[in-house]
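Below is the file coords_31.pdb, which contains PDB, C-alpha atoms.
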```
ATOM      1  CA  MET A   1      92.249  97.139  91.248  1.00  0.00           C
ATOM      2  CA  LEU A   2      89.555  99.763  91.643  1.00  0.00           C
ATOM      3  CA  ALA A   3      86.819  97.108  91.598  1.00  0.00           C
ATOM      4  CA  VAL A   4      88.627  95.089  94.274  1.00  0.00           C
ATOM      5  CA  PHE A   5      89.084  98.197  96.413  1.00  0.00           C
ATOM      6  CA  ILE A   6      85.399  99.145  96.113  1.00  0.00           C
ATOM      7  CA  TYR A   7      84.438  95.584  97.038  1.00  0.00           C
ATOM      8  CA  TYR A   8      86.427  95.712 100.257  1.00  0.00           C
ATOM      9  CA  VAL A   9      85.083  99.141 101.161  1.00  0.00           C
ATOM     10  CA  GLU A  10      81.410  98.697 100.328  1.00  0.00           C
ATOM     11  CA  LEU A  11      80.682  94.977 100.546  1.00  0.00           C
ATOM     12  CA  ASP A  12      83.214  93.231 102.741  1.00  0.00           C
ATOM     13  CA  ASN A  13      83.634  95.891 105.447  1.00  0.00           C
ATOM     14  CA  GLN A  14      87.430  95.581 105.361  1.00  0.00           C
ATOM     15  CA  CYS A  15      88.075  99.277 105.950  1.00  0.00           C
ATOM     16  CA  ALA A  16      87.264  99.718 109.639  1.00  0.00           C
ATOM     17  CA  GLY A  17      83.661 100.612 108.852  1.00  0.00           C
ATOM     18  CA  GLU A  18      84.560 103.539 106.588  1.00  0.00           C
ATOM     19  CA  LYS A  19      82.781 103.972 103.243  1.00  0.00           C
ATOM     20  CA  LEU A  20      83.635 105.600  99.930  1.00  0.00           C
ATOM     21  CA  GLY A  21      83.848 109.377 100.292  1.00  0.00           C
ATOM     22  CA  SER A  22      85.336 109.298 103.779  1.00  0.00           C
ATOM     23  CA  THR A  23      88.417 111.473 104.253  1.00  0.00           C
ATOM     24  CA  GLN A  24      89.818 108.857 106.662  1.00  0.00           C
ATOM     25  CA  LEU A  25      89.383 105.870 104.360  1.00  0.00           C
ATOM     26  CA  ARG A  26      92.043 103.287 105.196  1.00  0.00           C
ATOM     27  CA  CYS A  27      91.925  99.501 104.879  1.00  0.00           C
ATOM     28  CA  PRO A  28      94.559  97.931 107.161  1.00  0.00           C
ATOM     29  CA  GLU A  29      92.754  94.573 107.166  1.00  0.00           C
ATOM     30  CA  VAL A  30      93.818  93.879 103.570  1.00  0.00           C
ATOM     31  CA  PHE A  31      97.297  93.006 104.818  1.00  0.00           C
ATOM     32  CA  ASP A  32      95.845  89.770 106.204  1.00  0.00           C
ATOM     33  CA  ASN A  33      94.060  88.931 102.957  1.00  0.00           C
ATOM     34  CA  VAL A  34      94.842  85.695 101.150  1.00  0.00           C
ATOM     35  CA  TRP A  35      96.060  87.747  98.135  1.00  0.00           C
ATOM     36  CA  ALA A  36      98.489  89.985 100.070  1.00  0.00           C
ATOM     37  CA  TYR A  37     102.220  89.255  99.951  1.00  0.00           C
ATOM     38  CA  HIS A  38     103.405  87.837 103.280  1.00  0.00           C
ATOM     39  CA  TYR A  39     106.964  87.825 104.503  1.00  0.00           C
ATOM     40  CA  ASP A  40     107.001  84.005 104.586  1.00  0.00           C
ATOM     41  CA  SER A  41     105.054  83.357 101.363  1.00  0.00           C
ATOM     42  CA  ALA A  42     107.903  81.514  99.645  1.00  0.00           C
ATOM     43  CA  TYR A  43     108.452  79.267 102.645  1.00  0.00           C
ATOM     44  CA  LYS A  44     104.768  78.363 102.802  1.00  0.00           C
ATOM     45  CA  GLY A  45     104.593  77.682  99.063  1.00  0.00           C
ATOM     46  CA  GLU A  46     102.007  80.432  98.544  1.00  0.00           C
ATOM     47  CA  TRP A  47     103.578  81.559  95.272  1.00  0.00           C
ATOM     48  CA  TRP A  48     100.558  83.530  94.038  1.00  0.00           C
ATOM     49  CA  ARG A  49     101.113  86.181  96.714  1.00  0.00           C
ATOM     50  CA  PHE A  50     104.217  87.447  94.873  1.00  0.00           C
ATOM     51  CA  LEU A  51     101.864  88.755  92.164  1.00  0.00           C
ATOM     52  CA  THR A  52      98.345  89.133  93.549  1.00  0.00           C
ATOM     53  CA  TYR A  53      99.302  91.689  96.205  1.00  0.00           C
ATOM     54  CA  MET A  54      99.112  94.308  93.461  1.00  0.00           C
ATOM     55  CA  VAL A  55      95.276  94.299  93.432  1.00  0.00           C
ATOM     56  CA  LEU A  56      94.990  95.223  97.130  1.00  0.00           C
ATOM     57  CA  HIS A  57      95.409  98.747  98.504  1.00  0.00           C
ATOM     58  CA  ALA A  58      95.554 100.127 102.034  1.00  0.00           C
ATOM     59  CA  GLY A  59      93.522 103.296 101.513  1.00  0.00           C
ATOM     60  CA  ALA A  60      91.942 105.782  99.136  1.00  0.00           C
ATOM     61  CA  ALA A  61      95.107 107.880  98.754  1.00  0.00           C
ATOM     62  CA  HIS A  62      97.118 104.733  98.070  1.00  0.00           C
ATOM     63  CA  ILE A  63      95.003 103.502  95.168  1.00  0.00           C
ATOM     64  CA  THR A  64      94.410 107.014  93.783  1.00  0.00           C
ATOM     65  CA  ALA A  65      98.147 107.679  93.499  1.00  0.00           C
ATOM     66  CA  ASN A  66      98.784 104.345  91.788  1.00  0.00           C
ATOM     67  CA  LEU A  67      95.921 104.707  89.318  1.00  0.00           C
ATOM     68  CA  PHE A  68      97.024 108.230  88.428  1.00  0.00           C
ATOM     69  CA  LEU A  69     100.630 107.156  87.857  1.00  0.00           C
ATOM     70  CA  GLN A  70      99.616 104.143  85.770  1.00  0.00           C
ATOM     71  CA  THR A  71      97.362 106.281  83.584  1.00  0.00           C
ATOM     72  CA  PHE A  72      99.806 109.174  83.283  1.00  0.00           C
ATOM     73  CA  VAL A  73     102.735 106.954  82.286  1.00  0.00           C
ATOM     74  CA  GLY A  74     101.090 103.824  80.903  1.00  0.00           C
ATOM     75  CA  VAL A  75      98.799 105.404  78.313  1.00  0.00           C
ATOM     76  CA  PRO A  76     101.640 107.104  76.350  1.00  0.00           C
ATOM     77  CA  LEU A  77     103.588 103.815  76.342  1.00  0.00           C
ATOM     78  CA  GLU A  78     100.544 101.933  75.070  1.00  0.00           C
ATOM     79  CA  MET A  79      99.989 104.509  72.334  1.00  0.00           C
ATOM     80  CA  ALA A  80     103.555 104.005  71.080  1.00  0.00           C
ATOM     81  CA  HIS A  81     104.098 100.289  71.706  1.00  0.00           C
ATOM     82  CA  GLY A  82     100.653  98.714  72.053  1.00  0.00           C
ATOM     83  CA  PRO A  83      99.208  97.154  75.235  1.00  0.00           C
ATOM     84  CA  TRP A  84     101.200  93.944  75.603  1.00  0.00           C
ATOM     85  CA  ARG A  85     104.745  95.256  76.023  1.00  0.00           C
ATOM     86  CA  PRO A  86     103.844  97.761  78.785  1.00  0.00           C
ATOM     87  CA  LEU A  87     101.707  95.052  80.439  1.00  0.00           C
ATOM     88  CA  LEU A  88     104.677  92.678  80.473  1.00  0.00           C
ATOM     89  CA  LEU A  89     106.857  95.342  82.099  1.00  0.00           C
ATOM     90  CA  TYR A  90     104.110  96.092  84.623  1.00  0.00           C
ATOM     91  CA  ILE A  91     103.810  92.436  85.684  1.00  0.00           C
ATOM     92  CA  LEU A  92     107.588  92.049  85.861  1.00  0.00           C
ATOM     93  CA  GLY A  93     107.751  95.206  87.988  1.00  0.00           C
ATOM     94  CA  VAL A  94     105.196  93.780  90.424  1.00  0.00           C
ATOM     95  CA  LEU A  95     107.254  90.592  90.724  1.00  0.00           C
ATOM     96  CA  ALA A  96     110.451  92.621  91.139  1.00  0.00           C
ATOM     97  CA  GLY A  97     108.818  94.525  94.017  1.00  0.00           C
ATOM     98  CA  SER A  98     107.882  91.403  95.976  1.00  0.00           C
ATOM     99  CA  PHE A  99     111.199  89.693  95.187  1.00  0.00           C
ATOM    100  CA  ALA A 100     113.147  92.751  96.368  1.00  0.00           C
ATOM    101  CA  VAL A 101     111.147  92.939  99.588  1.00  0.00           C
ATOM    102  CA  SER A 102     111.744  89.231 100.181  1.00  0.00           C
ATOM    103  CA  MET A 103     115.502  89.757  99.803  1.00  0.00           C
ATOM    104  CA  PHE A 104     116.182  93.201 101.282  1.00  0.00           C
ATOM    105  CA  ASP A 105     113.256  93.801 103.667  1.00  0.00           C
ATOM    106  CA  GLU A 106     112.469  90.222 104.615  1.00  0.00           C
ATOM    107  CA  LYS A 107     110.110  90.667 107.565  1.00  0.00           C
ATOM    108  CA  VAL A 108     107.234  92.562 105.984  1.00  0.00           C
ATOM    109  CA  ASN A 109     103.861  92.029 104.338  1.00  0.00           C
ATOM    110  CA  LEU A 110     103.031  93.933 101.179  1.00  0.00           C
ATOM    111  CA  VAL A 111     100.035  95.315  99.265  1.00  0.00           C
ATOM    112  CA  GLY A 112      99.724  97.793  96.397  1.00  0.00           C
ATOM    113  CA  ALA A 113     100.698  98.189  92.740  1.00  0.00           C
ATOM    114  CA  SER A 114     103.389 100.842  93.118  1.00  0.00           C
ATOM    115  CA  ALA A 115     106.147  98.491  91.952  1.00  0.00           C
ATOM    116  CA  GLY A 116     104.312  97.941  88.671  1.00  0.00           C
ATOM    117  CA  ALA A 117     103.580 101.646  88.293  1.00  0.00           C
ATOM    118  CA  TYR A 118     107.224 102.557  88.831  1.00  0.00           C
ATOM    119  CA  ALA A 119     108.291  99.865  86.388  1.00  0.00           C
ATOM    120  CA  LEU A 120     106.360 101.884  83.798  1.00  0.00           C
ATOM    121  CA  VAL A 121     108.142 105.054  84.958  1.00  0.00           C
ATOM    122  CA  GLY A 122     111.513 103.331  84.609  1.00  0.00           C
ATOM    123  CA  ALA A 123     110.513 101.951  81.205  1.00  0.00           C
ATOM    124  CA  HIS A 124     109.534 105.444  80.084  1.00  0.00           C
ATOM    125  CA  LEU A 125     112.982 106.732  81.103  1.00  0.00           C
ATOM    126  CA  ALA A 126     114.640 103.849  79.261  1.00  0.00           C
ATOM    127  CA  ASN A 127     112.485 104.574  76.238  1.00  0.00           C
ATOM    128  CA  LEU A 128     113.520 108.238  76.333  1.00  0.00           C
ATOM    129  CA  CYS A 129     117.188 107.307  76.455  1.00  0.00           C
ATOM    130  CA  HIS A 130     116.855 104.699  73.730  1.00  0.00           C
ATOM    131  CA  TYR A 131     115.130 107.015  71.255  1.00  0.00           C
ATOM    132  CA  TRP A 132     116.483 110.306  72.576  1.00  0.00           C
ATOM    133  CA  HIS A 133     117.224 111.942  69.241  1.00  0.00           C
ATOM    134  CA  VAL A 134     113.696 111.340  67.883  1.00  0.00           C
ATOM    135  CA  MET A 135     111.742 111.771  71.124  1.00  0.00           C
ATOM    136  CA  PRO A 136     109.892 115.125  71.378  1.00  0.00           C
ATOM    137  CA  PHE A 137     110.492 117.090  74.588  1.00  0.00           C
ATOM    138  CA  ALA A 138     113.077 114.558  75.736  1.00  0.00           C
ATOM    139  CA  TRP A 139     114.696 116.715  78.429  1.00  0.00           C
ATOM    140  CA  PRO A 140     111.415 117.923  80.014  1.00  0.00           C
ATOM    141  CA  ARG A 141     110.133 114.347  80.088  1.00  0.00           C
ATOM    142  CA  PHE A 142     113.341 113.063  81.610  1.00  0.00           C
ATOM    143  CA  VAL A 143     113.338 115.714  84.323  1.00  0.00           C
ATOM    144  CA  LEU A 144     109.627 115.198  85.066  1.00  0.00           C
ATOM    145  CA  PHE A 145     109.690 111.431  85.495  1.00  0.00           C
ATOM    146  CA  SER A 146     113.035 111.425  87.310  1.00  0.00           C
ATOM    147  CA  SER A 147     111.668 114.025  89.724  1.00  0.00           C
ATOM    148  CA  ILE A 148     108.483 112.041  90.348  1.00  0.00           C
ATOM    149  CA  PHE A 149     110.502 108.953  91.220  1.00  0.00           C
ATOM    150  CA  ALA A 150     113.079 110.792  93.369  1.00  0.00           C
ATOM    151  CA  ILE A 151     110.448 112.722  95.329  1.00  0.00           C
ATOM    152  CA  ASP A 152     108.412 109.583  95.962  1.00  0.00           C
ATOM    153  CA  VAL A 153     111.380 107.558  97.217  1.00  0.00           C
ATOM    154  CA  ILE A 154     112.597 110.365  99.482  1.00  0.00           C
ATOM    155  CA  TYR A 155     109.097 110.995 100.843  1.00  0.00           C
ATOM    156  CA  SER A 156     108.451 107.275 101.394  1.00  0.00           C
ATOM    157  CA  ALA A 157     111.779 106.838 103.196  1.00  0.00           C
ATOM    158  CA  TYR A 158     111.010 109.862 105.375  1.00  0.00           C
ATOM    159  CA  ARG A 159     107.571 108.543 106.318  1.00  0.00           C
ATOM    160  CA  LYS A 160     108.989 105.106 107.066  1.00  0.00           C
ATOM    161  CA  TYR A 161     111.919 106.192 109.245  1.00  0.00           C
ATOM    162  CA  ALA A 162     111.103 109.677 110.516  1.00  0.00           C
ATOM    163  CA  GLY A 163     107.376 110.207 110.041  1.00  0.00           C
ATOM    164  CA  PRO A 164     104.252 108.871 111.748  1.00  0.00           C
ATOM    165  CA  ASP A 165     103.690 106.044 109.219  1.00  0.00           C
ATOM    166  CA  ASP A 166     106.275 103.248 109.105  1.00  0.00           C
ATOM    167  CA  SER A 167     104.228 101.047 106.732  1.00  0.00           C
ATOM    168  CA  ILE A 168     105.475 102.639 103.508  1.00  0.00           C
ATOM    169  CA  SER A 169     107.641 100.559 101.190  1.00  0.00           C
ATOM    170  CA  TYR A 170     110.299 102.265  99.150  1.00  0.00           C
ATOM    171  CA  THR A 171     112.157  98.997  98.509  1.00  0.00           C
ATOM    172  CA  SER A 172     109.449  97.819  96.126  1.00  0.00           C
ATOM    173  CA  HIS A 173     109.288 101.266  94.480  1.00  0.00           C
ATOM    174  CA  ILE A 174     113.008 101.203  93.726  1.00  0.00           C
ATOM    175  CA  ALA A 175     112.901  97.592  92.542  1.00  0.00           C
ATOM    176  CA  GLY A 176     110.049  98.325  90.146  1.00  0.00           C
ATOM    177  CA  ALA A 177     111.796 101.379  88.707  1.00  0.00           C
ATOM    178  CA  LEU A 178     115.103  99.523  88.280  1.00  0.00           C
ATOM    179  CA  LEU A 179     113.294  96.678  86.534  1.00  0.00           C
ATOM    180  CA  GLY A 180     111.664  99.174  84.194  1.00  0.00           C
ATOM    181  CA  ILE A 181     114.990 100.810  83.386  1.00  0.00           C
ATOM    182  CA  ALA A 182     116.824  97.505  82.947  1.00  0.00           C
ATOM    183  CA  MET A 183     114.149  95.765  80.865  1.00  0.00           C
ATOM    184  CA  GLY A 184     112.404  98.718  79.247  1.00  0.00           C
ATOM    185  CA  SER A 185     115.058  99.303  76.616  1.00  0.00           C
ATOM    186  CA  TYR A 186     114.835  95.614  75.641  1.00  0.00           C
ATOM    187  CA  VAL A 187     111.072  95.098  75.728  1.00  0.00           C
ATOM    188  CA  LEU A 188     110.325  98.424  74.030  1.00  0.00           C
ATOM    189  CA  ASP A 189     113.115  98.075  71.455  1.00  0.00           C
ATOM    190  CA  GLU A 190     110.862  97.679  68.426  1.00  0.00           C
ATOM    191  CA  LEU A 191     110.640 101.005  66.592  1.00  0.00           C
ATOM    192  CA  PRO A 192     112.448 101.170  63.216  1.00  0.00           C
ATOM    193  CA  VAL A 193     114.741 104.084  64.095  1.00  0.00           C
ATOM    194  CA  ALA A 194     118.401 104.384  65.074  1.00  0.00           C
ATOM    195  CA  ARG A 195     119.199 103.659  68.722  1.00  0.00           C
ATOM    196  CA  ASN A 196     121.282 105.646  71.177  1.00  0.00           C
ATOM    197  CA  THR A 197     124.652 103.854  71.358  1.00  0.00           C
ATOM    198  CA  CYS A 198     125.465 105.140  74.850  1.00  0.00           C
ATOM    199  CA  CYS A 199     122.122 103.854  76.096  1.00  0.00           C
ATOM    200  CA  GLN A 200     122.788 100.423  74.610  1.00  0.00           C
ATOM    201  CA  LEU A 201     126.147 100.213  76.388  1.00  0.00           C
ATOM    202  CA  PHE A 202     124.588 101.408  79.644  1.00  0.00           C
ATOM    203  CA  ARG A 203     121.786  98.865  79.564  1.00  0.00           C
ATOM    204  CA  ALA A 204     124.267  96.025  79.115  1.00  0.00           C
ATOM    205  CA  TYR A 205     126.374  97.223  82.057  1.00  0.00           C
ATOM    206  CA  PHE A 206     123.305  97.923  84.166  1.00  0.00           C
ATOM    207  CA  GLY A 207     121.807  94.503  83.551  1.00  0.00           C
ATOM    208  CA  ILE A 208     125.018  92.679  84.451  1.00  0.00           C
ATOM    209  CA  THR A 209     125.538  94.781  87.601  1.00  0.00           C
ATOM    210  CA  VAL A 210     121.986  94.373  88.930  1.00  0.00           C
ATOM    211  CA  THR A 211     122.037  90.635  88.237  1.00  0.00           C
ATOM    212  CA  GLY A 212     125.271  90.292  90.229  1.00  0.00           C
ATOM    213  CA  ILE A 213     123.943  92.295  93.187  1.00  0.00           C
ATOM    214  CA  VAL A 214     120.672  90.367  93.367  1.00  0.00           C
ATOM    215  CA  SER A 215     122.423  87.003  93.068  1.00  0.00           C
ATOM    216  CA  SER A 216     124.831  87.921  95.861  1.00  0.00           C
ATOM    217  CA  GLU A 217     122.077  89.145  98.160  1.00  0.00           C
ATOM    218  CA  SER A 218     119.789  86.178  97.538  1.00  0.00           C
ATOM    219  CA  GLY A 219     122.595  83.836  98.502  1.00  0.00           C
ATOM    220  CA  ASP A 220     122.826  85.481 101.930  1.00  0.00           C
ATOM    221  CA  ASN A 221     119.065  85.740 102.494  1.00  0.00           C
ATOM    222  CA  GLU A 222     117.642  84.426 105.782  1.00  0.00           C
ATOM    223  CA  LEU A 223     114.111  83.978 107.096  1.00  0.00           C
ATOM    224  CA  TYR A 224     112.976  86.315 109.853  1.00  0.00           C
ATOM    225  CA  ASN A 225     110.112  85.403 112.136  1.00  0.00           C
ATOM    226  CA  GLU A 226     108.900  88.906 112.898  1.00  0.00           C
ATOM    227  CA  LYS A 227     105.753  90.151 111.150  1.00  0.00           C
ATOM    228  CA  TYR A 228     105.295  93.690 109.911  1.00  0.00           C
ATOM    229  CA  VAL A 229     102.962  95.220 107.367  1.00  0.00           C
ATOM    230  CA  ILE A 230     103.920  97.457 104.512  1.00  0.00           C
ATOM    231  CA  LYS A 231     102.267  99.022 101.497  1.00  0.00           C
ATOM    232  CA  ALA A 232     103.839  99.609  98.125  1.00  0.00           C
TER
END
```
Show the structure stored in the file as structure tokens.
Amino acid sequence: MLAVFIYYVELDNQCAGEKLGSTQLRCPEVFDNVWAYHYDSAYKGEWWRFLTYMVLHAGAAHITANLFLQTFVGVPLEMAHGPWRPLLLYILGVLAGSFAVSMFDEKVNLVGASAGAYALVGAHLANLCHYWHVMPFAWPRFVLFSSIFAIDVIYSAYRKYAGPDDSISYTSHIAGALLGIAMGSYVLDELPVARNTCCQLFRAYFGITVTGIVSSESGDNELYNEKYVIKA
């Protein structure tokens, strides 16, 4: 992601002439890139856009926040579970973000890896719940990651509806986090210790409920012909 961002800034002039180090570094042109998710991608058969939008970012602050969150949350998960399980959750979170936008916020374009990053946050919360009795500092971790997610969603919603920037996506953030919570306790269920029974019951209920909601919404989905841009 960082390499792609540097390419657009330094080599392809996709950031309105700004260069690395600028305090005003923003790259709105990436929304028209062939890798960005477009609101009508599914109808055009451009299936790769549902995944490749994650490598594009709309500005320095955008990519910095995502890289920090991925490192802060992803590294501990990799240390405990290896690289492949967190990577699977990350990719599924990215797909969940674009799928959710296509169903609940149909008339937007999308760039950014926030959905994948918040899938790791959700997976970390699921991991905490699953191994609560053996997890060190369980309550502080739970409060920290829950607060990060809540503050981000509230701030993103404020900027979208009441602030000066209406190009922020909180739909993809929520979708990524829900995917991480729903799938994290399954994908990361590998350690040879006793599980939290309440968490196991919750994950079954949660999975059934989310599946029902998504199925119902997708059945009523319609195509809109307006074009907006949005960053995850």
For this session: Tell me which residues the PyMOL selection byres ((chain A and resi 187) around 9) grabs here, as a ChimeraX atom specification.
Result: /A:85-86,88-89,123,183-186,188-190
For this session: Give me the residues within 9 Å of A:Phe142 as a PyMOL selection string, counting only C-alpha atoms and dropping any in the same chain fewer than 5 places off.
Result: chain A and resi 124-125+128-129+137+147
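Closest approach to A:His57 among A:Ser146, A:Gln70, A:Ser102, A:Ser114: A:Ser114, based on only C-alpha atoms.
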For this session: Could you list the residues chosen by the PyMOL selection byres ((chain A and resi 66) around 12) in this structure as a count of residues only?
Result: 37
Exercise. Looking at only C-alpha atoms, which of A:Leu110, A:Phe149, A:His130, A:Asp32 is the one that sits closest to A:Gly97?
Worked result: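 Using only C-alpha atoms, A:Gly97 sits closest to A:Leu110.
Across the structure, atom CA of A:Asn127 and atom CA of A:Leu77 are spaced 8.9 Å apart.
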For this session: Point out the residue among A:Ile174, A:Val34, A:Tyr7, A:Leu179 with the least atom-to-atom distance to A:Glu46, counting all atoms listed in the file.
Result: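 Of A:Ile174, A:Val34, A:Tyr7, A:Leu179, the one nearest A:Glu46 is A:Val34, counting all atoms listed in the file.
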Exercise. Of the candidates A:Leu87, A:Ser98, A:Trp139, A:His81, which one gets nearest to A:Arg49 if we count all atoms listed in the file?
Worked result: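 Checking each candidate against A:Arg49, we get A:Ser98 as the closest.
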Exercise. Any idea what the distance is between atom CA of A:Leu95 and atom CA of A:Ser172?
Worked result: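 Pair atom CA of A:Leu95 / atom CA of A:Ser172 returns 9.3 Å.
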Exercise. So, counting all atoms listed in the file, which residue among A:Tyr131, A:Tyr170, A:Phe99, A:Tyr90 is closest to A:His38?
Worked result: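 Among A:Tyr131, A:Tyr170, A:Phe99, A:Tyr90, it is A:Phe99 that comes nearest to A:His38.
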For this session: Report the residues retrieved by the PyMOL selection byres ((chain A and resi 40) around 9) from the displayed file, expressed as a list in words.
Result: Tyr37, His38, Tyr39, Ser41, Ala42, Tyr43, Lys44, Gly45, Glu46, Ser102, Glu106, Lys107, Val108, Asn109, Leu223, Tyr224 and Asn225 of chain A
Problem set entry | Shortest interatomic distance to A:Thr171 - which of A:Ala138, A:Ala100, A:Leu144, A:Ile151, counting all atoms listed in the file |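 Counting all atoms listed in the file, the residue closest to A:Thr171 is A:Ala100.
Picture a line from atom CA of A:Tyr161 to atom CA of A:Phe145; it runs 24.4 Å.
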